[in-house]
file upload-v4.cif (mmCIF, C-alpha atoms and all ligand atoms)
data_entry
loop_
_atom_site.label_atom_id
_atom_site.label_comp_id
_atom_site.auth_asym_id
_atom_site.auth_seq_id
_atom_site.Cartn_x
_atom_site.Cartn_y
_atom_site.Cartn_z
CA MET A 1 79.62 117.51 114.39
CA THR A 2 81.62 116.22 111.44
CA ASN A 3 80.00 113.52 109.33
CA LEU A 4 82.57 110.94 108.25
CA HIS A 5 80.17 108.91 106.10
CA GLY A 6 81.67 107.86 102.74
CA LEU A 7 85.23 108.89 103.57
CA VAL A 8 88.10 106.48 102.89
CA ALA A 9 90.51 105.37 105.62
CA VAL A 10 93.69 103.30 105.64
CA VAL A 11 94.40 101.72 109.02
CA THR A 12 97.79 100.06 109.52
CA GLY A 13 98.15 97.38 112.16
CA ALA A 14 94.44 96.60 111.76
CA SER A 15 94.91 92.87 112.47
CA GLY A 16 94.40 93.25 116.22
CA GLY A 17 94.63 95.49 119.28
CA ILE A 18 94.09 99.24 118.94
CA GLY A 19 94.16 99.16 115.12
CA GLU A 20 91.30 96.66 114.97
CA GLY A 21 89.30 98.83 117.37
CA LEU A 22 89.96 101.99 115.34
CA ALA A 23 89.04 100.26 112.05
CA LYS A 24 85.74 99.05 113.49
CA MET A 25 84.92 102.47 114.94
CA LEU A 26 85.57 104.12 111.55
CA ALA A 27 83.40 101.53 109.84
CA GLU A 28 80.60 102.27 112.34
CA GLU A 29 80.85 105.91 111.26
CA GLY A 30 80.27 104.89 107.62
CA VAL A 31 83.93 105.16 106.59
CA ARG A 32 85.18 102.72 103.92
CA VAL A 33 88.11 101.08 105.64
CA VAL A 34 91.28 99.55 104.21
CA LEU A 35 92.91 97.10 106.60
CA ALA A 36 96.71 96.69 106.43
CA ALA A 37 99.11 94.51 108.42
CA ARG A 38 101.08 91.28 107.81
CA ARG A 39 98.64 88.64 109.14
CA ALA A 40 96.16 88.24 106.27
CA GLU A 41 93.90 85.81 108.12
CA GLU A 42 93.44 88.23 111.04
CA LEU A 43 92.71 91.06 108.60
CA GLN A 44 90.09 88.84 106.93
CA ARG A 45 88.48 88.17 110.31
CA VAL A 46 88.25 91.90 111.06
CA ALA A 47 86.93 92.62 107.53
CA GLU A 48 84.24 89.95 107.88
CA GLU A 49 83.12 91.40 111.21
CA ILE A 50 82.94 94.88 109.66
CA ARG A 51 80.96 93.60 106.65
CA ALA A 52 78.60 91.62 108.89
CA ALA A 53 77.81 94.91 110.64
CA GLY A 54 76.90 96.45 107.25
CA SER A 55 80.03 98.45 106.38
CA GLU A 56 82.75 98.20 103.74
CA ALA A 57 86.26 96.87 104.32
CA LEU A 58 89.15 95.96 102.01
CA VAL A 59 92.03 93.72 103.09
CA LEU A 60 95.49 94.61 101.78
CA PRO A 61 98.22 92.59 103.53
CA THR A 62 101.26 94.86 103.87
CA ASN A 63 104.60 94.71 105.63
CA MET A 64 105.46 98.15 107.00
CA ARG A 65 109.14 97.41 106.37
CA ASP A 66 108.68 97.04 102.62
CA GLU A 67 108.52 100.32 100.68
CA ALA A 68 107.09 98.72 97.53
CA GLU A 69 104.27 97.13 99.57
CA LEU A 70 103.50 100.47 101.24
CA LEU A 71 103.25 102.24 97.88
CA ALA A 72 101.10 99.40 96.52
CA LEU A 73 98.81 99.76 99.56
CA LEU A 74 98.04 103.36 98.60
CA GLU A 75 97.73 102.59 94.90
CA ARG A 76 95.28 99.73 95.46
CA THR A 77 93.31 101.84 97.94
CA GLU A 78 92.92 104.61 95.39
CA GLN A 79 91.88 102.12 92.66
CA GLU A 80 89.31 100.31 94.81
CA PHE A 81 87.96 103.01 97.15
CA GLY A 82 89.37 106.37 96.00
CA PRO A 83 91.83 108.80 97.60
CA VAL A 84 92.69 108.49 101.29
CA ASP A 85 90.83 110.92 103.57
CA ILE A 86 91.91 109.37 106.89
CA LEU A 87 95.33 107.80 107.42
CA VAL A 88 95.78 105.86 110.66
CA ASN A 89 99.43 105.02 111.28
CA ASN A 90 98.85 102.52 114.05
CA ALA A 91 101.20 99.60 113.27
CA GLY A 92 103.94 99.61 115.85
CA ILE A 93 106.53 97.43 117.49
CA ALA A 94 108.49 97.66 120.72
CA ARG A 95 112.02 96.54 121.49
CA ASN A 96 113.25 97.82 124.82
CA GLN A 97 116.91 98.21 125.66
CA PRO A 98 118.88 100.95 127.44
CA ILE A 99 121.12 102.91 125.10
CA HIS A 100 124.25 101.24 126.49
CA ALA A 101 122.87 97.86 125.33
CA LEU A 102 121.28 98.83 121.99
CA ASN A 103 120.79 96.04 119.48
CA MET A 104 121.04 97.80 116.12
CA LYS A 105 118.91 95.17 114.34
CA HIS A 106 116.12 96.00 116.80
CA TRP A 107 116.81 99.71 116.28
CA ASP A 108 116.33 99.35 112.50
CA LEU A 109 113.16 97.28 112.95
CA VAL A 110 111.57 99.76 115.36
CA MET A 111 112.53 102.81 113.30
CA GLU A 112 111.30 101.27 110.03
CA VAL A 113 107.90 100.27 111.42
CA ASN A 114 107.28 103.14 113.86
CA VAL A 115 108.81 106.09 111.99
CA ARG A 116 109.80 105.37 108.38
CA ALA A 117 106.54 103.71 107.29
CA PRO A 118 104.34 106.48 108.78
CA ALA A 119 106.60 109.14 107.22
CA LEU A 120 106.36 107.52 103.79
CA LEU A 121 102.58 107.08 103.97
CA CYS A 122 102.05 110.65 105.22
CA SER A 123 104.27 112.07 102.48
CA ARG A 124 102.24 110.26 99.83
CA VAL A 125 98.72 111.05 101.06
CA LEU A 126 99.25 114.66 102.11
CA PRO A 127 99.53 116.19 98.60
CA GLY A 128 96.03 114.92 97.72
CA MET A 129 94.62 115.99 101.07
CA ARG A 130 96.13 119.45 100.56
CA GLU A 131 94.51 119.72 97.11
CA ARG A 132 91.12 118.59 98.43
CA ARG A 133 91.55 120.79 101.52
CA ARG A 134 90.47 117.98 103.78
CA GLY A 135 92.23 115.14 105.58
CA TYR A 136 92.92 113.49 108.90
CA ILE A 137 96.21 111.95 110.01
CA ILE A 138 96.08 109.80 113.15
CA ASN A 139 99.48 108.65 114.38
CA LEU A 140 99.64 106.21 117.28
CA SER A 141 102.44 107.54 119.41
CA SER A 142 102.61 106.65 123.11
CA GLU A 143 103.11 108.12 126.56
CA ALA A 144 106.70 107.06 125.76
CA GLY A 145 106.51 109.54 122.88
CA SER A 146 105.90 112.46 125.21
CA PHE A 147 108.25 111.57 128.05
CA VAL A 148 111.53 109.75 128.52
CA PHE A 149 111.24 106.22 129.90
CA PRO A 150 114.67 104.79 130.81
CA GLY A 151 115.24 101.37 129.26
CA MET A 152 112.75 101.84 126.43
CA GLY A 153 115.50 102.95 124.01
CA ALA A 154 114.54 102.77 120.35
CA TYR A 155 110.79 102.59 121.11
CA CYS A 156 110.85 105.77 123.19
CA ILE A 157 112.91 107.60 120.55
CA SER A 158 110.67 106.37 117.71
CA LYS A 159 107.48 107.53 119.42
CA ASN A 160 108.98 110.94 120.27
CA ALA A 161 109.94 111.22 116.58
CA LEU A 162 106.41 110.29 115.50
CA ARG A 163 104.98 112.94 117.83
CA VAL A 164 107.28 115.61 116.36
CA MET A 165 106.40 114.46 112.81
CA THR A 166 102.73 114.92 113.68
CA GLN A 167 103.35 118.41 115.04
CA LEU A 168 105.15 119.32 111.81
CA ILE A 169 102.28 117.93 109.72
CA GLN A 170 99.76 120.00 111.67
CA GLU A 171 101.77 123.21 111.35
CA GLU A 172 102.60 122.66 107.67
CA ASN A 173 98.99 121.90 106.70
CA GLN A 174 97.01 124.06 109.09
CA ASP A 175 95.94 126.41 106.27
CA ARG A 176 94.64 123.44 104.22
CA ASN A 177 92.07 122.35 106.80
CA ILE A 178 94.01 119.16 107.61
CA LYS A 179 93.97 117.76 111.14
CA ALA A 180 96.75 115.61 112.59
CA TRP A 181 96.93 113.93 115.98
CA ALA A 182 99.64 112.06 117.85
CA ILE A 183 97.53 109.78 120.02
CA SER A 184 99.67 109.04 123.06
CA PRO A 185 98.22 106.38 125.34
CA GLY A 186 99.76 104.96 128.46
CA MET A 187 99.60 101.17 128.86
CA VAL A 188 96.76 99.58 126.86
CA ASP A 189 95.34 96.08 127.31
CA THR A 190 96.59 94.50 124.03
CA ALA A 191 99.22 91.94 123.02
CA MET A 192 101.87 94.66 123.15
CA GLY A 193 100.74 95.87 126.59
CA ALA A 194 100.74 92.30 127.93
CA ASP A 195 104.45 92.05 127.06
CA MET A 196 105.40 94.77 129.55
CA PRO A 197 107.11 93.16 132.57
CA GLY A 198 105.54 94.08 135.91
CA GLY A 199 102.39 95.56 134.38
CA ASN A 200 98.98 95.12 136.04
CA VAL A 201 96.66 94.61 133.07
CA GLU A 202 93.57 95.35 135.19
CA ASN A 203 94.77 98.94 135.50
CA PHE A 204 95.63 99.40 131.83
CA LEU A 205 93.53 101.45 129.43
CA LYS A 206 91.08 99.40 127.35
CA VAL A 207 91.16 99.53 123.55
CA GLU A 208 87.60 101.01 123.49
CA GLU A 209 88.73 103.86 125.76
CA VAL A 210 91.44 104.90 123.31
CA VAL A 211 89.10 104.39 120.34
CA GLU A 212 86.39 106.63 121.83
CA VAL A 213 88.87 109.50 122.26
CA VAL A 214 89.78 109.22 118.57
CA ARG A 215 86.09 109.14 117.57
CA PHE A 216 85.53 112.30 119.63
CA LEU A 217 88.46 114.08 117.95
CA LEU A 218 87.32 113.14 114.45
CA LYS A 219 83.77 114.32 115.05
CA GLN A 220 84.62 117.85 116.16
CA GLY A 221 83.74 120.60 113.67
CA ASP A 222 86.16 122.16 111.17
CA ASN A 223 86.94 125.11 113.43
CA VAL A 224 88.05 122.98 116.40
CA ARG A 225 91.77 122.35 116.77
CA MET A 226 92.74 119.90 119.51
CA GLY A 227 96.24 118.52 120.00
CA PRO A 228 98.11 117.54 117.90
CA GLU A 229 99.48 115.70 120.96
CA VAL A 230 96.70 113.85 122.80
CA LEU A 231 97.84 112.14 125.99
CA ILE A 232 95.52 109.43 127.32
CA ARG A 233 96.45 107.85 130.64
CA PRO A 234 94.77 105.33 132.92
CA MET A 235 93.49 106.68 136.23
CA ARG A 236 95.06 103.82 138.18
CA ASP A 237 98.76 102.90 138.35
CA PRO A 238 99.45 100.44 135.47
CA PHE A 239 102.27 98.94 137.53
CA GLY A 240 100.35 99.01 140.84
N1 LIG A 301 99.56 98.55 124.03
C1 LIG A 301 100.11 99.60 124.60
O1 LIG A 301 100.34 99.62 125.82
C2 LIG A 301 100.42 100.83 123.78
C3 LIG A 301 100.65 102.03 124.48
C4 LIG A 301 100.94 103.17 123.75
C5 LIG A 301 101.01 103.13 122.37
N2 LIG A 301 100.79 101.95 121.72
C6 LIG A 301 100.90 101.97 120.27
O2 LIG A 301 99.66 101.63 119.69
C7 LIG A 301 99.85 100.98 118.43
C8 LIG A 301 99.07 99.68 118.39
O3 LIG A 301 99.59 98.83 119.38
P1 LIG A 301 98.78 97.62 120.05
O4 LIG A 301 98.90 97.80 121.50
O5 LIG A 301 97.46 97.48 119.41
O6 LIG A 301 99.78 96.44 119.65
P2 LIG A 301 99.56 95.01 118.98
O7 LIG A 301 98.31 94.38 119.47
O8 LIG A 301 100.88 94.33 119.18
O9 LIG A 301 99.35 95.37 117.45
C9 LIG A 301 100.41 95.84 116.65
C10 LIG A 301 99.94 95.92 115.23
O10 LIG A 301 101.03 96.34 114.42
C11 LIG A 301 101.13 95.49 113.30
N3 LIG A 301 102.53 95.39 112.85
C12 LIG A 301 103.64 95.19 113.58
N4 LIG A 301 104.72 95.09 112.78
C13 LIG A 301 104.26 95.22 111.50
C14 LIG A 301 104.88 95.21 110.23
N5 LIG A 301 106.20 95.00 110.07
N6 LIG A 301 104.10 95.37 109.14
C15 LIG A 301 102.77 95.55 109.27
N7 LIG A 301 102.13 95.61 110.45
C16 LIG A 301 102.87 95.43 111.55
C17 LIG A 301 100.62 94.13 113.78
O11 LIG A 301 100.10 93.40 112.70
P3 LIG A 301 100.76 92.05 112.08
O12 LIG A 301 101.46 91.32 113.19
O13 LIG A 301 99.57 91.32 111.52
O14 LIG A 301 101.68 92.55 111.01
C18 LIG A 301 99.48 94.56 114.71
O15 LIG A 301 98.29 94.72 113.97
C19 LIG A 301 101.37 100.80 118.28
O16 LIG A 301 101.90 101.79 117.46
C20 LIG A 301 101.87 100.95 119.70
O17 LIG A 301 103.21 101.38 119.75
C21 LIG A 301 100.48 100.80 122.39
#

call {"tool": "encode", "arguments": {"input": "upload-v4.cif", "output": "C-alpha cells"}}
result
Amino acid sequence: MTNLHGLVAVVTGASGGIGEGLAKMLAEEGVRVVLAARRAEELQRVAEEIRAAGSEALVLPTNMRDEAELLALLERTEQEFGPVDILVNNAGIARNQPIHALNMKHWDLVMEVNVRAPALLCSRVLPGMRERRRGYIINLSSEAGSFVFPGMGAYCISKNALRVMTQLIQEENQDRNIKAWAISPGMVDTAMGADMPGGNVENFLKVEEVVEVVRFLLKQGDNVRMGPEVLIRPMRDPFG
C-alpha cells in the first residue's frame, strides 16, 4: 500500500461537492492540501474542518478562467508547502445545449474551466513530477467524457477532451512512475447533479462513493496500473 503522508496536493473546486470530499480524504491520509476555487468563505470552512481533524490545509482562492491566478496558485503552493505531488483537477462547470443551439459564451466558459485550466496546471506540475519520478494527476471527467450524451454539447466534448488529455499524460509519463486517472462518474449527489432535469437524486452516486474509489487508486503500490479511465456508475437508474 502506498503511504501518502507528507505529500502535497492541490485540489481545484475544493469549495464543495466532490472536490471538498477529495480534499478531506487526502487530508485524512496525511497529505498537505491546498484548496482552490472562487468562493473564499467556503474554502475557509473546508480548511477549518480539515485543521480541526488535525491535518494541514492552505486556502488559495483562484478563478480557473484566469491564467495569472492559476500560475500564482502553483507558485504560492510551492512557497508554502513545496512542490505538488498530487494535482486534482476537479473544478468543473456544465452548460448543456445541443450543437445546433450552441451558445459560444457558454462554450468558452466550459472549455476554459474544464479543459484549459487542467491543461495549464498539468503542464506546469508535470516537469517537476518527472524529475522527482513521482506524481499523481486526478482529473474529474464524467460518464459524459466516455460516451456521447445528446444535448450535453460543450460539457460532453470538454469531458471527452479531459479524458484524452489524461490518457496522453499516462502514456507520456509512464516511464517516470507517474499515475494519471480520468475519474468518470455518472450522476453524483452535488449541486451540479441537482441541476440535472429529471434526475432522481436518491439513485445518484454519493460523494463518499466517488472519493473512496480515488482513495483506493492512490493507495495501490507502484507496480499497479489501473485506468487511466475509471468509470463509476450508480447501480440504480439515476433517472428512474
Ligand atoms: N455531480 C455530478 O453529477 C458529476 C458527474 C460527473 C462528473 N462531475 C464532475 O465532478 C467535478 C466536481 O463537480 P461537483 O458535482 O462537485 O460540482 P459542484 O458541487 O458544482 O462543484 C463545482 C466546483 O467547481 C468550482 N468551480 C466552478 N467554476 C470555477 C471557476 N471558474 N474557478 C474556480 N473554481 C470553479 C466550484 O467552486 P466555486 O464556485 O467556489 O468557484 C466548485 O467547487 C466537476 O468537474 C464535474 O464536471 C460531476

call {"tool": "atom_distance", "arguments": {"input": "upload-v4.cif", "atom1": "CA of Arg163 in chain A", "atom2": "CA of Ile183 in chain A"}}
result
8.4 Å

call {"tool": "atom_distance", "arguments": {"input": "upload-v4.cif", "atom1": "CA of Leu217 in chain A", "atom2": "CA of Trp181 in chain A"}}
result
8.7 Å

call {"tool": "closest_residue", "arguments": {"input": "upload-v4.cif", "among": "A:Val164, A:Val10, A:Ile18, A:Ala53", "to": "Lys206 in chain A", "atoms": "only C-alpha atoms"}}
result
A:Ile18

call {"tool": "residues_near_point", "arguments": {"input": "upload-v4.cif", "point": "(115.4, 99.9, 124.1)", "cutoff": "7 Å", "atoms": "only C-alpha atoms", "output": "mmCIF file with C-alpha atoms, in the coordinates of the input"}}
result
data_model
loop_
_atom_site.group_PDB
_atom_site.id
_atom_site.type_symbol
_atom_site.label_atom_id
_atom_site.label_comp_id
_atom_site.auth_asym_id
_atom_site.auth_seq_id
_atom_site.Cartn_x
_atom_site.Cartn_y
_atom_site.Cartn_z
ATOM 1 C CA ARG A 95 112.020 96.540 121.490
ATOM 2 C CA ASN A 96 113.250 97.820 124.820
ATOM 3 C CA GLN A 97 116.910 98.210 125.660
ATOM 4 C CA PRO A 98 118.880 100.950 127.440
ATOM 5 C CA ILE A 99 121.120 102.910 125.100
ATOM 6 C CA LEU A 102 121.280 98.830 121.990
ATOM 7 C CA GLY A 151 115.240 101.370 129.260
ATOM 8 C CA MET A 152 112.750 101.840 126.430
ATOM 9 C CA GLY A 153 115.500 102.950 124.010
ATOM 10 C CA ALA A 154 114.540 102.770 120.350
ATOM 11 C CA TYR A 155 110.790 102.590 121.110
#

call {"tool": "residues_near_ligand", "arguments": {"input": "upload-v4.cif", "ligand": "ligand LIG 301 (chain A)", "cutoff": "8 Å", "atoms": "all atoms listed in the file", "output": "MDAnalysis selection string"}}
result
chainID A and resid 12:20 36:40 42:43 61:65 89:94 109 113:114 139:144 155 159 183:194 196 204:205 207

call {"tool": "write_last_selection", "arguments": {"input": "upload-v4.cif", "atoms": "C-alpha atoms", "output": "CSV table (one decimal), in the frame of the given file"}}
result
chain,number,residue,atom,x,y,z
A,12,THR,CA,97.8,100.1,109.5
A,13,GLY,CA,98.2,97.4,112.2
A,14,ALA,CA,94.4,96.6,111.8
A,15,SER,CA,94.9,92.9,112.5
A,16,GLY,CA,94.4,93.2,116.2
A,17,GLY,CA,94.6,95.5,119.3
A,18,ILE,CA,94.1,99.2,118.9
A,19,GLY,CA,94.2,99.2,115.1
A,20,GLU,CA,91.3,96.7,115.0
A,36,ALA,CA,96.7,96.7,106.4
A,37,ALA,CA,99.1,94.5,108.4
A,38,ARG,CA,101.1,91.3,107.8
A,39,ARG,CA,98.6,88.6,109.1
A,40,ALA,CA,96.2,88.2,106.3
A,42,GLU,CA,93.4,88.2,111.0
A,43,LEU,CA,92.7,91.1,108.6
A,61,PRO,CA,98.2,92.6,103.5
A,62,THR,CA,101.3,94.9,103.9
A,63,ASN,CA,104.6,94.7,105.6
A,64,MET,CA,105.5,98.2,107.0
A,65,ARG,CA,109.1,97.4,106.4
A,89,ASN,CA,99.4,105.0,111.3
A,90,ASN,CA,98.8,102.5,114.0
A,91,ALA,CA,101.2,99.6,113.3
A,92,GLY,CA,103.9,99.6,115.8
A,93,ILE,CA,106.5,97.4,117.5
A,94,ALA,CA,108.5,97.7,120.7
A,109,LEU,CA,113.2,97.3,113.0
A,113,VAL,CA,107.9,100.3,111.4
A,114,ASN,CA,107.3,103.1,113.9
A,139,ASN,CA,99.5,108.6,114.4
A,140,LEU,CA,99.6,106.2,117.3
A,141,SER,CA,102.4,107.5,119.4
A,142,SER,CA,102.6,106.6,123.1
A,143,GLU,CA,103.1,108.1,126.6
A,144,ALA,CA,106.7,107.1,125.8
A,155,TYR,CA,110.8,102.6,121.1
A,159,LYS,CA,107.5,107.5,119.4
A,183,ILE,CA,97.5,109.8,120.0
A,184,SER,CA,99.7,109.0,123.1
A,185,PRO,CA,98.2,106.4,125.3
A,186,GLY,CA,99.8,105.0,128.5
A,187,MET,CA,99.6,101.2,128.9
A,188,VAL,CA,96.8,99.6,126.9
A,189,ASP,CA,95.3,96.1,127.3
A,190,THR,CA,96.6,94.5,124.0
A,191,ALA,CA,99.2,91.9,123.0
A,192,MET,CA,101.9,94.7,123.2
A,193,GLY,CA,100.7,95.9,126.6
A,194,ALA,CA,100.7,92.3,127.9
A,196,MET,CA,105.4,94.8,129.6
A,204,PHE,CA,95.6,99.4,131.8
A,205,LEU,CA,93.5,101.4,129.4
A,207,VAL,CA,91.2,99.5,123.6

call {"tool": "closest_residue", "arguments": {"input": "upload-v4.cif", "among": "A:Val201, A:Ile232, A:Cys122, A:Leu58", "to": "Gly135 in chain A", "atoms": "only C-alpha atoms"}}
result
A:Cys122

call {"tool": "atom_distance", "arguments": {"input": "upload-v4.cif", "atom1": "CA of Met165 in chain A", "atom2": "CA of Ala72 in chain A"}}
result
22.8 Å

call {"tool": "residues_around", "arguments": {"input": "upload-v4.cif", "residues": "range 166-180 of chain A", "least_positions_apart": "4", "cutoff": "8 Å", "atoms": "all atoms listed in the file", "output": "list in words"}}
result
Met129, Arg130, Arg133, Arg134, Gly135, Tyr136, Ile137, Ile138, Asn139, Leu162, Asp222, Arg225, Gly227, Pro228 and Glu229 of chain A

call {"tool": "closest_residue", "arguments": {"input": "upload-v4.cif", "among": "A:Met226, A:Leu4, A:Ala9, A:Val211", "to": "Glu78 in chain A", "atoms": "only C-alpha atoms"}}
result
A:Ala9

call {"tool": "closest_residue", "arguments": {"input": "upload-v4.cif", "among": "A:Met235, A:Val115, A:Val84, A:Val214", "to": "Gly128 in chain A", "atoms": "all atoms listed in the file"}}
result
A:Val84

call {"tool": "closest_residue", "arguments": {"input": "upload-v4.cif", "among": "A:Gln44, A:Arg32, A:Pro118, A:Phe239", "to": "Ala182 in chain A", "atoms": "only C-alpha atoms"}}
result
A:Pro118

call {"tool": "decode", "arguments": {"input": "upload-v4.cif", "residues": "range 115-163 of chain A", "atoms": "C-alpha atoms", "output": "PDB file, in the first residue's frame"}}
result
ATOM      1  CA  VAL A 115     -10.118  21.785 -20.290  1.00  0.00           C
ATOM      2  CA  ARG A 116      -7.807  24.807 -20.439  1.00  0.00           C
ATOM      3  CA  ALA A 117      -7.231  25.195 -16.684  1.00  0.00           C
ATOM      4  CA  PRO A 118      -6.453  21.470 -16.173  1.00  0.00           C
ATOM      5  CA  ALA A 119      -4.139  21.522 -19.220  1.00  0.00           C
ATOM      6  CA  LEU A 120      -2.241  24.539 -17.900  1.00  0.00           C
ATOM      7  CA  LEU A 121      -1.902  23.116 -14.382  1.00  0.00           C
ATOM      8  CA  CYS A 122      -0.802  19.695 -15.675  1.00  0.00           C
ATOM      9  CA  SER A 123       1.769  21.266 -17.991  1.00  0.00           C
ATOM     10  CA  ARG A 124       3.277  23.198 -15.082  1.00  0.00           C
ATOM     11  CA  VAL A 125       3.409  20.426 -12.466  1.00  0.00           C
ATOM     12  CA  LEU A 126       4.489  17.548 -14.705  1.00  0.00           C
ATOM     13  CA  PRO A 127       8.120  18.665 -15.274  1.00  0.00           C
ATOM     14  CA  GLY A 128       8.789  18.556 -11.506  1.00  0.00           C
ATOM     15  CA  MET A 129       6.967  15.251 -11.115  1.00  0.00           C
ATOM     16  CA  ARG A 130       9.030  13.818 -13.974  1.00  0.00           C
ATOM     17  CA  GLU A 131      12.268  14.949 -12.293  1.00  0.00           C
ATOM     18  CA  ARG A 132      11.231  13.506  -8.936  1.00  0.00           C
ATOM     19  CA  ARG A 133       9.891  10.369 -10.651  1.00  0.00           C
ATOM     20  CA  ARG A 134       6.701  10.521  -8.648  1.00  0.00           C
ATOM     21  CA  GLY A 135       3.323  12.181  -9.098  1.00  0.00           C
ATOM     22  CA  TYR A 136      -0.407  11.679  -9.316  1.00  0.00           C
ATOM     23  CA  ILE A 137      -2.799  13.505 -11.634  1.00  0.00           C
ATOM     24  CA  ILE A 138      -6.506  13.091 -10.868  1.00  0.00           C
ATOM     25  CA  ASN A 139      -8.797  14.624 -13.480  1.00  0.00           C
ATOM     26  CA  LEU A 140     -12.537  14.680 -12.813  1.00  0.00           C
ATOM     27  CA  SER A 141     -14.040  13.720 -16.122  1.00  0.00           C
ATOM     28  CA  SER A 142     -17.556  12.244 -16.268  1.00  0.00           C
ATOM     29  CA  GLU A 143     -19.595   9.431 -17.749  1.00  0.00           C
ATOM     30  CA  ALA A 144     -20.243  12.169 -20.348  1.00  0.00           C
ATOM     31  CA  GLY A 145     -16.495  12.060 -21.010  1.00  0.00           C
ATOM     32  CA  SER A 146     -16.615   8.424 -22.054  1.00  0.00           C
ATOM     33  CA  PHE A 147     -19.847   8.384 -24.035  1.00  0.00           C
ATOM     34  CA  VAL A 148     -21.884  10.777 -26.145  1.00  0.00           C
ATOM     35  CA  PHE A 149     -24.919  12.270 -24.418  1.00  0.00           C
ATOM     36  CA  PRO A 150     -27.112  14.198 -26.894  1.00  0.00           C
ATOM     37  CA  GLY A 151     -27.907  17.705 -25.667  1.00  0.00           C
ATOM     38  CA  MET A 152     -24.880  17.972 -23.373  1.00  0.00           C
ATOM     39  CA  GLY A 153     -22.846  19.793 -26.049  1.00  0.00           C
ATOM     40  CA  ALA A 154     -19.808  21.642 -24.726  1.00  0.00           C
ATOM     41  CA  TYR A 155     -19.804  19.715 -21.422  1.00  0.00           C
ATOM     42  CA  CYS A 156     -19.702  16.332 -23.150  1.00  0.00           C
ATOM     43  CA  ILE A 157     -16.943  17.496 -25.519  1.00  0.00           C
ATOM     44  CA  SER A 158     -14.923  19.046 -22.677  1.00  0.00           C
ATOM     45  CA  LYS A 159     -15.034  15.881 -20.576  1.00  0.00           C
ATOM     46  CA  ASN A 160     -14.087  13.680 -23.545  1.00  0.00           C
ATOM     47  CA  ALA A 161     -11.147  16.050 -24.122  1.00  0.00           C
ATOM     48  CA  LEU A 162     -10.122  15.810 -20.468  1.00  0.00           C
ATOM     49  CA  ARG A 163     -10.224  12.004 -20.668  1.00  0.00           C
TER      50      ARG A 163
END
